[in-house]
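As structure tokens, the structure follows; a few thoughts come after it.
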Amino acid sequence: MTISGHAGASFLLFKETSTTLVEGYEGTCSTTLPESGTFDIVLSRSTNIYGFIVRKNGVAGLKYILGTLSGDQLKDTKDNVIGVLTGDEIKGDFTDAGNNKITVRGKRRL
């Protein structure tokens, strides 16, 4: 798909139903490497799943992450907590497999 003015745009598609509300978040992330970037998250509290797209600044390509929502915690596929939902915000501070600290901050937009 081509979106005018958005070269290299990518997307995940979720279907919202009357019983499954979908929420959208966007924000920033950084590491101790140092690296930084932006992300978009789409989640459903009723199905307890989310999709996460990360774009590193200055790097072509995207990273996709799928995970589960357990209460207010976003968990990766290995059950590690990568963020916590509080109201309309997501905040996370965790260490990756390479022992780098990752910081995630986001706000609900949809």
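In the structure tokens, the first chain shown is A, the next is B, and so on; residue numbers restart at 1 for each chain, and ligands run from 1 in the order shown.
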Legend entry - Spatial neighbours of Asp76 (chain A), 8 Å, only C-alpha atoms, chain gap at least 3 places, as a VMD selection string: chain A and resid 65 to 68 79 to 82
Give me a file of those residues, with N, CA, C and O atoms, as an mmCIF file, in the first residue's frame.
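Listed below is the output, part37.cif:
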```
data_model
loop_
_atom_site.group_PDB
_atom_site.id
_atom_site.type_symbol
_atom_site.label_atom_id
_atom_site.label_comp_id
_atom_site.auth_asym_id
_atom_site.auth_seq_id
_atom_site.Cartn_x
_atom_site.Cartn_y
_atom_site.Cartn_z
ATOM 1 N N ILE A 65 6.297 -6.577 17.177
ATOM 2 C CA ILE A 65 6.230 -7.372 18.397
ATOM 3 C C ILE A 65 4.762 -7.652 18.689
ATOM 4 O O ILE A 65 3.931 -6.754 18.621
ATOM 5 N N LEU A 66 4.443 -8.883 18.994
ATOM 6 C CA LEU A 66 3.101 -9.248 19.442
ATOM 7 C C LEU A 66 3.220 -9.739 20.873
ATOM 8 O O LEU A 66 4.221 -10.314 21.257
ATOM 9 N N GLY A 67 2.197 -9.489 21.649
ATOM 10 C CA GLY A 67 2.257 -9.916 23.036
ATOM 11 C C GLY A 67 0.887 -9.990 23.671
ATOM 12 O O GLY A 67 -0.139 -9.869 22.997
ATOM 13 N N THR A 68 0.897 -10.165 24.968
ATOM 14 C CA THR A 68 -0.346 -10.295 25.718
ATOM 15 C C THR A 68 -0.447 -9.189 26.760
ATOM 16 O O THR A 68 0.547 -8.620 27.199
ATOM 17 N N ASP A 79 6.885 -13.717 28.344
ATOM 18 C CA ASP A 79 6.230 -13.324 29.586
ATOM 19 C C ASP A 79 6.980 -12.231 30.349
ATOM 20 O O ASP A 79 6.754 -12.035 31.536
ATOM 21 N N ASN A 80 7.891 -11.506 29.679
ATOM 22 C CA ASN A 80 8.588 -10.376 30.295
ATOM 23 C C ASN A 80 7.701 -9.128 30.202
ATOM 24 O O ASN A 80 7.127 -8.862 29.149
ATOM 25 N N VAL A 81 7.619 -8.362 31.271
ATOM 26 C CA VAL A 81 6.838 -7.125 31.269
ATOM 27 C C VAL A 81 7.650 -6.047 30.546
ATOM 28 O O VAL A 81 8.774 -5.744 30.933
ATOM 29 N N ILE A 82 7.061 -5.480 29.479
ATOM 30 C CA ILE A 82 7.749 -4.414 28.747
ATOM 31 C C ILE A 82 7.107 -3.052 28.971
ATOM 32 O O ILE A 82 7.681 -2.035 28.587
#
```
Legend entry - Residue nearest Asp72 (chain A) among A:Gly98, A:Thr17, A:Lys56, A:Leu43 (counting only C-alpha atoms):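 Of all the options, A:Leu43 lies closest to Asp72 (chain A).
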Legend entry - Separation of CA of Asp88 (chain A) from CA of Lys101 (chain A), in Å and rounded to one decimal: 23.4 Å
Inset, instruction - Please measure the separation of CA of Arg105 (chain A) and CA of Gly92 (chain A), giving the value in Å to one decimal. - result: 6.6 Å
Inset, instruction - Enumerate the residues of chain A with a DSSP assignment of strand (DSSP E), computed from the backbone, and present them as number ranges by chain. - result: A: 23-31, 35-44, 49-56, 63-70, 73-75, 81-86, 89-95, 101-108
